[in-house]
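Novice: Handing you a structure now.
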Amino acid sequence: MSLDATLARIDADLGAATDRLIDLLRIPSISTDPAFKADCDRAADWLVADLQSLGATAEKRPTPGHPMVVGHIGEGSPHLLFYGHYDVQPVDPLDLWDRDPFDPQLEDTPAGKVIRGRGSSDDKGQLMTFVEACRAWIAENGQLPCKITFFFEGEEESGSPSLIPFMKDNADELKTDIALICDTGLFGDSTPAIVTMLRGLLGEELTITAASKDLHSGMYGGPAMNPIRVLSRIIAGLHDDQGRITVPGFYDGVPELPDEIRAQWQNLAFDHASFLGDVDLSDPAGEQDRTPLEMIWSRPTCEVNGIKGGYTGDGFKTVLPSKASAKISFRLVGQQDPHAIRENFRAYVESQLPADCEVDWHGHGASPASQMQIDHPAFEAARLALSDEWPNPAAYVGCGGSIPIAGYFKSILDTDAMLIGFGKDDDQIHSPNEKYDLSSFHKGIRSWARILDALS
Ligand code: BES
Ligand code: ZN
């Protein structure tokens, strides 16, 4: 068995691997929008067939939401699990895309070749890095060096509602020596990163209703309460002028950063000015006594993700709307309890409603922050393997995003999880013109082959 031969095979097969990824990217598996349910199903079928083409036993497993894909291949120890998600984010605003988000293509850019399309980086391109590493390994060596389970989810982008029951019901099958999650990024452009902590997420949607119908703002404006005014006042009050969140009890369970992690992060070459400068901003907007890196990796936040009410079409309409709504998310750290925060937030909003106003709630995902166990021996082995592939040694980093499953491996299956991914900050995940660098895809596949070699 030779790692070099597997790496050479990966290089030689990159074109075919890219074509397979492009094929998967053509399926608009937007999990949050029921209109795309059949497409989510199709993406799951595609993955089942692809895993079967490797020789794996693979199945689409139904859930009350979108199906999971579970596959098994190989024998022996250790038993590794690969997790990725095949669902993608909605594509709006569509007019800001330079091409059809689901007609992906390999594009030449001044910075190199990129695969452009929704899901290219988050997460289909990343998910396929380890499938392709396994394919090359098998092609070169006849079989894998150990037992591997593939576990692909179709609801990650919509809060993973079916995940906990599915993991509990299939615990025996999904419990492995370690779970490898490919859904995060590099640190900068060429430093591989292993994520040691991830933020949790709580999603809340509220609709405030005042009058029972829309009114003429000349006839009723003044005496009739405007729900947009109520909603904006509540939203404006969610942060104080130091950038702290005002929901009672919100900071319960938020730890101070341990000194050793602070020191680790200080060694990372993170350029605060260019982090904001790259998106044409200059002034950090969060908690005033924190650095941007701390704000993203280790502090909780509250963001309004969408707001709706009144007349927003072309032209102008003097309407006094009956309803106004907002989608608000909280990123959580440490021991913050998403359910307690949901309760406190709702009580806080309700306490500020004036007479004649009502609020309706729709809760979205609620997952706590997660902390990885980096003393598990697989971490050091993977760190060295990554350092062989990339120009810089691998770094331990935090992650501002959320991946609900990261904590569930430990809490439900007692399996440690390791997060390694190859996305770049400018991949425009969740935004128009999402891309994945061909070099991320290529070196990502090579990285997994090296990690597989190191762990087995
Ligand atoms: N791949 C992301 C997580 C991520 C974001 C990693 C940024 C690295 C940098 C993941 O697919 C994601 O977007 N998660 C959602 C989860 C939510 C909908 C429960 C998120 O973070 O908003
Ligand atoms: Zn995402």
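Here's how to read the names in the structure tokens: chain A, B, ... by the order shown, residue numbers from 1 in each chain, ligand numbers from 1 in the order shown.
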Dump the neighbourhood of ligand 1 as a ChimeraX atom specification: all residues within 7 Å, distances computed on only C-alpha atoms and all ligand atoms.
Specialist: /A:122-123,156-160,183-185,201,365,399-404
Novice: Keeping only C-alpha atoms, take the residues you just selected and write them out as a compact mmCIF listing (two decimals), in the first residue's frame.
Specialist:
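Output (selection.txt):
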```txt
# COMPACT_ATOMS: atom_id res chain seq x y z
CA ASP A 122 -20.86 24.49 1.49
CA ASP A 123 -20.90 21.59 1.47
CA GLU A 156 -27.91 20.94 8.03
CA GLU A 157 -28.73 24.30 6.49
CA SER A 158 -32.16 24.27 8.07
CA GLY A 159 -31.19 23.48 11.63
CA SER A 160 -30.93 19.65 11.47
CA ASP A 183 -17.70 21.55 6.55
CA THR A 184 -15.26 24.22 7.72
CA GLY A 185 -12.44 26.26 6.20
CA LEU A 201 -27.29 28.58 17.04
CA GLY A 365 -33.03 25.33 15.17
CA CYS A 399 -15.18 28.73 14.04
CA GLY A 400 -17.90 31.34 14.05
CA GLY A 401 -20.37 29.18 12.13
CA SER A 402 -22.47 26.38 13.54
CA ILE A 403 -22.66 22.70 12.64
CA PRO A 404 -25.21 21.14 14.96
```
Novice: Please provide as JSON, numbers by chain all residues within 8 Å of Glu389 (chain A), with the sequence filter that same-chain residues fewer than 3 positions apart are discarded (counting only C-alpha atoms).
Specialist: {"A": [385, 386, 443, 446, 447, 450]}
Novice: Taking the backbone alone, and naming residues the way the document does, which bits of region 95-279 of chain A are alpha helix (DSSP H) by DSSP, as a PyMOL selection string?
Specialist: chain A and resi 124-141+163-169+171-174+217-220+227-236+259-266+272-277
Novice: Region 70-79 of chain A: which residues within 6 Å, counting only C-alpha atoms, same-chain residues fewer than 4 positions away excluded, as a list in words?
Specialist: Ala56, Thr57, Ala58, Glu59, Leu144, Cys146, Lys147, Ile148, Thr149, Phe150, Phe151, Thr176 and Asp177 of chain A
Novice: Can you list, as a PDB file with N, CA, C and O atoms, in the first residue's frame, every protein, DNA or RNA residue that comes within 9 Å of region 287-298 of chain A when you count only C-alpha atoms, leaving out same-chain residues fewer than 2 positions away?
Specialist:
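Just written: result.pdb:
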```pdb
ATOM      1  N   MET A 197     -13.445  24.627  18.492  1.00  0.00           N
ATOM      2  CA  MET A 197     -14.733  25.013  19.080  1.00  0.00           C
ATOM      3  C   MET A 197     -15.615  25.695  18.044  1.00  0.00           C
ATOM      4  O   MET A 197     -15.145  26.422  17.187  1.00  0.00           O
ATOM      5  N   LEU A 198     -16.899  25.397  18.156  1.00  0.00           N
ATOM      6  CA  LEU A 198     -17.880  25.912  17.205  1.00  0.00           C
ATOM      7  C   LEU A 198     -19.006  26.571  17.979  1.00  0.00           C
ATOM      8  O   LEU A 198     -19.384  26.086  19.052  1.00  0.00           O
ATOM      9  N   ARG A 199     -19.578  27.595  17.413  1.00  0.00           N
ATOM     10  CA  ARG A 199     -20.705  28.225  18.112  1.00  0.00           C
ATOM     11  C   ARG A 199     -22.005  27.453  17.857  1.00  0.00           C
ATOM     12  O   ARG A 199     -22.176  26.804  16.833  1.00  0.00           O
ATOM     13  N   ASP A 241     -25.192  50.229  23.857  1.00  0.00           N
ATOM     14  CA  ASP A 241     -24.248  50.972  23.018  1.00  0.00           C
ATOM     15  C   ASP A 241     -22.812  50.470  23.138  1.00  0.00           C
ATOM     16  O   ASP A 241     -21.923  50.947  22.449  1.00  0.00           O
ATOM     17  N   GLN A 242     -22.594  49.442  23.966  1.00  0.00           N
ATOM     18  CA  GLN A 242     -21.281  48.775  23.971  1.00  0.00           C
ATOM     19  C   GLN A 242     -21.298  47.513  23.102  1.00  0.00           C
ATOM     20  O   GLN A 242     -20.337  46.753  23.071  1.00  0.00           O
ATOM     21  N   GLY A 243     -22.431  47.267  22.455  1.00  0.00           N
ATOM     22  CA  GLY A 243     -22.528  46.088  21.603  1.00  0.00           C
ATOM     23  C   GLY A 243     -22.926  44.822  22.350  1.00  0.00           C
ATOM     24  O   GLY A 243     -22.913  43.720  21.790  1.00  0.00           O
ATOM     25  N   ARG A 244     -23.284  44.970  23.643  1.00  0.00           N
ATOM     26  CA  ARG A 244     -23.701  43.780  24.409  1.00  0.00           C
ATOM     27  C   ARG A 244     -25.185  43.507  24.216  1.00  0.00           C
ATOM     28  O   ARG A 244     -25.974  44.420  24.014  1.00  0.00           O
ATOM     29  N   ILE A 245     -25.534  42.247  24.319  1.00  0.00           N
ATOM     30  CA  ILE A 245     -26.928  41.846  24.079  1.00  0.00           C
ATOM     31  C   ILE A 245     -27.719  41.978  25.376  1.00  0.00           C
ATOM     32  O   ILE A 245     -27.243  41.606  26.454  1.00  0.00           O
ATOM     33  N   VAL A 254     -21.528  31.881  29.507  1.00  0.00           N
ATOM     34  CA  VAL A 254     -20.504  32.337  28.560  1.00  0.00           C
ATOM     35  C   VAL A 254     -19.161  32.388  29.290  1.00  0.00           C
ATOM     36  O   VAL A 254     -19.003  33.168  30.220  1.00  0.00           O
ATOM     37  N   PRO A 255     -18.197  31.544  28.914  1.00  0.00           N
ATOM     38  CA  PRO A 255     -16.924  31.519  29.649  1.00  0.00           C
ATOM     39  C   PRO A 255     -15.958  32.575  29.124  1.00  0.00           C
ATOM     40  O   PRO A 255     -16.081  33.027  27.982  1.00  0.00           O
ATOM     41  N   GLU A 256     -15.006  32.954  29.948  1.00  0.00           N
ATOM     42  CA  GLU A 256     -13.884  33.746  29.435  1.00  0.00           C
ATOM     43  C   GLU A 256     -12.958  32.775  28.713  1.00  0.00           C
ATOM     44  O   GLU A 256     -12.872  31.599  29.059  1.00  0.00           O
ATOM     45  N   LEU A 257     -12.270  33.269  27.721  1.00  0.00           N
ATOM     46  CA  LEU A 257     -11.374  32.419  26.944  1.00  0.00           C
ATOM     47  C   LEU A 257     -10.216  31.943  27.828  1.00  0.00           C
ATOM     48  O   LEU A 257      -9.553  32.764  28.462  1.00  0.00           O
ATOM     49  N   ARG A 262      -6.222  31.689  24.232  1.00  0.00           N
ATOM     50  CA  ARG A 262      -5.940  33.076  23.835  1.00  0.00           C
ATOM     51  C   ARG A 262      -4.528  33.160  23.254  1.00  0.00           C
ATOM     52  O   ARG A 262      -4.308  33.780  22.211  1.00  0.00           O
ATOM     53  N   TRP A 265      -4.353  31.632  19.783  1.00  0.00           N
ATOM     54  CA  TRP A 265      -4.955  32.494  18.769  1.00  0.00           C
ATOM     55  C   TRP A 265      -4.076  33.702  18.473  1.00  0.00           C
ATOM     56  O   TRP A 265      -4.057  34.204  17.361  1.00  0.00           O
ATOM     57  N   PHE A 270      -3.773  36.670  12.117  1.00  0.00           N
ATOM     58  CA  PHE A 270      -5.110  37.127  11.701  1.00  0.00           C
ATOM     59  C   PHE A 270      -5.076  38.640  11.562  1.00  0.00           C
ATOM     60  O   PHE A 270      -4.769  39.353  12.516  1.00  0.00           O
ATOM     61  N   HIS A 272      -6.914  41.785  11.429  1.00  0.00           N
ATOM     62  CA  HIS A 272      -8.251  42.313  11.711  1.00  0.00           C
ATOM     63  C   HIS A 272      -8.692  43.335  10.688  1.00  0.00           C
ATOM     64  O   HIS A 272      -9.850  43.381  10.293  1.00  0.00           O
ATOM     65  N   PHE A 275      -9.589  41.615   7.413  1.00  0.00           N
ATOM     66  CA  PHE A 275     -10.799  40.790   7.555  1.00  0.00           C
ATOM     67  C   PHE A 275     -12.036  41.638   7.241  1.00  0.00           C
ATOM     68  O   PHE A 275     -12.909  41.241   6.468  1.00  0.00           O
ATOM     69  N   LEU A 276     -12.097  42.828   7.834  1.00  0.00           N
ATOM     70  CA  LEU A 276     -13.221  43.712   7.532  1.00  0.00           C
ATOM     71  C   LEU A 276     -13.015  44.424   6.199  1.00  0.00           C
ATOM     72  O   LEU A 276     -13.953  44.614   5.419  1.00  0.00           O
ATOM     73  N   PRO A 284     -15.164  47.561  13.675  1.00  0.00           N
ATOM     74  CA  PRO A 284     -15.830  46.403  14.289  1.00  0.00           C
ATOM     75  C   PRO A 284     -17.107  46.820  15.028  1.00  0.00           C
ATOM     76  O   PRO A 284     -17.092  47.746  15.829  1.00  0.00           O
ATOM     77  N   ALA A 285     -18.208  46.108  14.759  1.00  0.00           N
ATOM     78  CA  ALA A 285     -19.507  46.550  15.268  1.00  0.00           C
ATOM     79  C   ALA A 285     -19.949  45.807  16.526  1.00  0.00           C
ATOM     80  O   ALA A 285     -20.954  46.161  17.114  1.00  0.00           O
ATOM     81  N   PRO A 300     -20.844  35.247  22.003  1.00  0.00           N
ATOM     82  CA  PRO A 300     -22.180  35.046  21.442  1.00  0.00           C
ATOM     83  C   PRO A 300     -22.653  36.318  20.725  1.00  0.00           C
ATOM     84  O   PRO A 300     -22.154  37.407  21.019  1.00  0.00           O
ATOM     85  N   THR A 301     -23.555  36.152  19.795  1.00  0.00           N
ATOM     86  CA  THR A 301     -24.076  37.314  19.063  1.00  0.00           C
ATOM     87  C   THR A 301     -25.583  37.187  18.894  1.00  0.00           C
ATOM     88  O   THR A 301     -26.169  36.125  19.123  1.00  0.00           O
ATOM     89  N   LEU A 332     -24.252  30.998  19.845  1.00  0.00           N
ATOM     90  CA  LEU A 332     -24.048  30.694  21.261  1.00  0.00           C
ATOM     91  C   LEU A 332     -22.682  30.075  21.517  1.00  0.00           C
ATOM     92  O   LEU A 332     -22.139  29.385  20.649  1.00  0.00           O
ATOM     93  N   VAL A 333     -22.147  30.320  22.699  1.00  0.00           N
ATOM     94  CA  VAL A 333     -20.834  29.766  23.051  1.00  0.00           C
ATOM     95  C   VAL A 333     -20.916  29.097  24.420  1.00  0.00           C
ATOM     96  O   VAL A 333     -21.898  29.266  25.153  1.00  0.00           O
ATOM     97  N   GLY A 334     -19.835  28.391  24.766  1.00  0.00           N
ATOM     98  CA  GLY A 334     -19.700  27.811  26.108  1.00  0.00           C
ATOM     99  C   GLY A 334     -20.904  26.968  26.478  1.00  0.00           C
ATOM    100  O   GLY A 334     -21.357  26.111  25.728  1.00  0.00           O
ATOM    101  N   VAL A 397      -7.999  26.161  15.441  1.00  0.00           N
ATOM    102  CA  VAL A 397      -8.736  27.433  15.326  1.00  0.00           C
ATOM    103  C   VAL A 397     -10.145  27.289  15.914  1.00  0.00           C
ATOM    104  O   VAL A 397     -10.615  26.181  16.171  1.00  0.00           O
ATOM    105  N   GLY A 398     -10.816  28.422  16.066  1.00  0.00           N
ATOM    106  CA  GLY A 398     -12.238  28.416  16.400  1.00  0.00           C
ATOM    107  C   GLY A 398     -13.035  28.551  15.113  1.00  0.00           C
ATOM    108  O   GLY A 398     -12.463  28.662  14.028  1.00  0.00           O
ATOM    109  N   CYS A 399     -14.350  28.545  15.237  1.00  0.00           N
ATOM    110  CA  CYS A 399     -15.183  28.726  14.042  1.00  0.00           C
ATOM    111  C   CYS A 399     -16.436  29.478  14.460  1.00  0.00           C
ATOM    112  O   CYS A 399     -17.090  29.118  15.439  1.00  0.00           O
ATOM    113  N   GLY A 400     -16.738  30.528  13.721  1.00  0.00           N
ATOM    114  CA  GLY A 400     -17.905  31.339  14.054  1.00  0.00           C
ATOM    115  C   GLY A 400     -19.205  30.707  13.629  1.00  0.00           C
ATOM    116  O   GLY A 400     -20.267  31.008  14.178  1.00  0.00           O
ATOM    117  N   GLY A 401     -19.157  29.822  12.633  1.00  0.00           N
ATOM    118  CA  GLY A 401     -20.368  29.183  12.133  1.00  0.00           C
ATOM    119  C   GLY A 401     -20.834  28.095  13.091  1.00  0.00           C
ATOM    120  O   GLY A 401     -20.258  27.890  14.170  1.00  0.00           O
TER     121      GLY A 401
END
```
Novice: Find the residue from A:Gly84, A:Pro62, A:Pro227, A:Pro432 that sits nearest to Leu215 (chain A); use only C-alpha atoms when measuring.
Specialist: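 Ranking A:Gly84, A:Pro62, A:Pro227, A:Pro432 by distance to Leu215 (chain A), first place goes to A:Pro227.
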Novice: Which residue is closest to ligand 2? Choose from A:Gly306, A:Pro67, A:Pro248, A:Gly423 and count only C-alpha atoms and all ligand atoms.
Specialist: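 Between A:Gly306, A:Pro67, A:Pro248, A:Gly423, the residue approaching ligand 2 most closely is A:Gly423.
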Novice: Taking 6 positions as the minimum chain separation for residues in the same chain, which residues sit within 8 Å of Ile27 (chain A) when counting only C-alpha atoms? Answer as a list in words.
Specialist: Asp39, Cys40, Arg42, Ala43 and Phe102 of chain A
Novice: Could those residues be written to a file, using N, CA, C and O atoms, as a PDB file, in the first residue's frame?
Specialist:
```pdb
ATOM      1  N   ASP A  39     -35.902  17.474  -4.979  1.00  0.00           N
ATOM      2  CA  ASP A  39     -34.493  17.640  -5.350  1.00  0.00           C
ATOM      3  C   ASP A  39     -33.564  17.167  -4.232  1.00  0.00           C
ATOM      4  O   ASP A  39     -32.499  16.605  -4.498  1.00  0.00           O
ATOM      5  N   CYS A  40     -33.990  17.390  -2.988  1.00  0.00           N
ATOM      6  CA  CYS A  40     -33.182  16.880  -1.868  1.00  0.00           C
ATOM      7  C   CYS A  40     -33.121  15.360  -1.953  1.00  0.00           C
ATOM      8  O   CYS A  40     -32.067  14.747  -1.768  1.00  0.00           O
ATOM      9  N   ARG A  42     -33.389  13.596  -4.613  1.00  0.00           N
ATOM     10  CA  ARG A  42     -32.557  13.252  -5.767  1.00  0.00           C
ATOM     11  C   ARG A  42     -31.061  13.327  -5.417  1.00  0.00           C
ATOM     12  O   ARG A  42     -30.251  12.518  -5.852  1.00  0.00           O
ATOM     13  N   ALA A  43     -30.708  14.350  -4.625  1.00  0.00           N
ATOM     14  CA  ALA A  43     -29.299  14.478  -4.224  1.00  0.00           C
ATOM     15  C   ALA A  43     -28.902  13.279  -3.359  1.00  0.00           C
ATOM     16  O   ALA A  43     -27.799  12.734  -3.493  1.00  0.00           O
ATOM     17  N   PHE A 102     -27.354  26.729 -10.277  1.00  0.00           N
ATOM     18  CA  PHE A 102     -27.395  25.275 -10.426  1.00  0.00           C
ATOM     19  C   PHE A 102     -26.978  24.827 -11.830  1.00  0.00           C
ATOM     20  O   PHE A 102     -27.331  23.742 -12.277  1.00  0.00           O
TER      21      PHE A 102
END
```
Novice: Between A:Asp314, A:Asp414, A:Asp271, A:Asp360, which residue has the minimum interatomic distance to Met372 (chain A), considering only C-alpha atoms?
Specialist: A:Asp414
Novice: Can you tell me, as a PDB file with N, CA and C atoms, in the first residue's frame, what residues are no more than 6 Å from Gly117 (chain A) when counting only C-alpha atoms, ignoring any on the same chain fewer than 4 positions away?
Specialist:
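Below is the file that was written, part.pdb:
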```
ATOM      1  N   PRO A 101     -27.121  29.491 -10.507  1.00  0.00           N
ATOM      2  CA  PRO A 101     -26.461  28.820  -9.380  1.00  0.00           C
ATOM      3  C   PRO A 101     -26.435  27.304  -9.492  1.00  0.00           C
ATOM      4  N   PHE A 102     -27.354  26.729 -10.277  1.00  0.00           N
ATOM      5  CA  PHE A 102     -27.395  25.275 -10.426  1.00  0.00           C
ATOM      6  C   PHE A 102     -26.978  24.827 -11.830  1.00  0.00           C
ATOM      7  N   PRO A 104     -23.494  24.764 -12.631  1.00  0.00           N
ATOM      8  CA  PRO A 104     -22.132  25.041 -12.179  1.00  0.00           C
ATOM      9  C   PRO A 104     -21.111  24.859 -13.298  1.00  0.00           C
ATOM     10  N   GLU A 434     -21.352  31.731  -5.002  1.00  0.00           N
ATOM     11  CA  GLU A 434     -20.537  30.791  -4.215  1.00  0.00           C
ATOM     12  C   GLU A 434     -19.570  30.032  -5.133  1.00  0.00           C
ATOM     13  N   LYS A 435     -18.368  29.810  -4.634  1.00  0.00           N
ATOM     14  CA  LYS A 435     -17.370  29.034  -5.401  1.00  0.00           C
ATOM     15  C   LYS A 435     -16.535  28.187  -4.452  1.00  0.00           C
TER      16      LYS A 435
END
```
Novice: Using only C-alpha atoms, can you tell me which of A:Ser329, A:Gln126, A:Ser274, A:Ser120 comes closest to Cys302 (chain A)?
Specialist: A:Ser329
Novice: Using DSSP on the backbone coordinates, identify all residues within region 118-311 of chain A classified as strand (DSSP E or B); present the result as a count of residues only.
Specialist: 45
Novice: Need the shell around Gly218 (chain A): protein/DNA/RNA residues with any atom at most 12 Å away, counting only C-alpha atoms. Skip same-chain ones fewer than 5 positions apart. Format as a VMD selection string?
Specialist: chain A and resid 223 to 224 317 to 320
Novice: Would you work out the distance separating CA of Ser53 (chain A) from CA of Leu419 (chain A), expressed in Å to one decimal?
Specialist: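 According to the coordinates, CA of Ser53 (chain A) and CA of Leu419 (chain A) are separated by 26.0 Å.
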Novice: I'd like to know which of A:Asp19, A:Glu205, A:Glu173, A:Glu153 is closest to Val69 (chain A), using only C-alpha atoms.
Specialist: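 When distances to Val69 (chain A) are compared using only C-alpha atoms, the smallest one comes from A:Glu153.
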Novice: Between CA of His442 (chain A) and CA of Ala133 (chain A), what is the spacing in Å?
Specialist: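 Here the two named atoms are 9.7 Å from each other.
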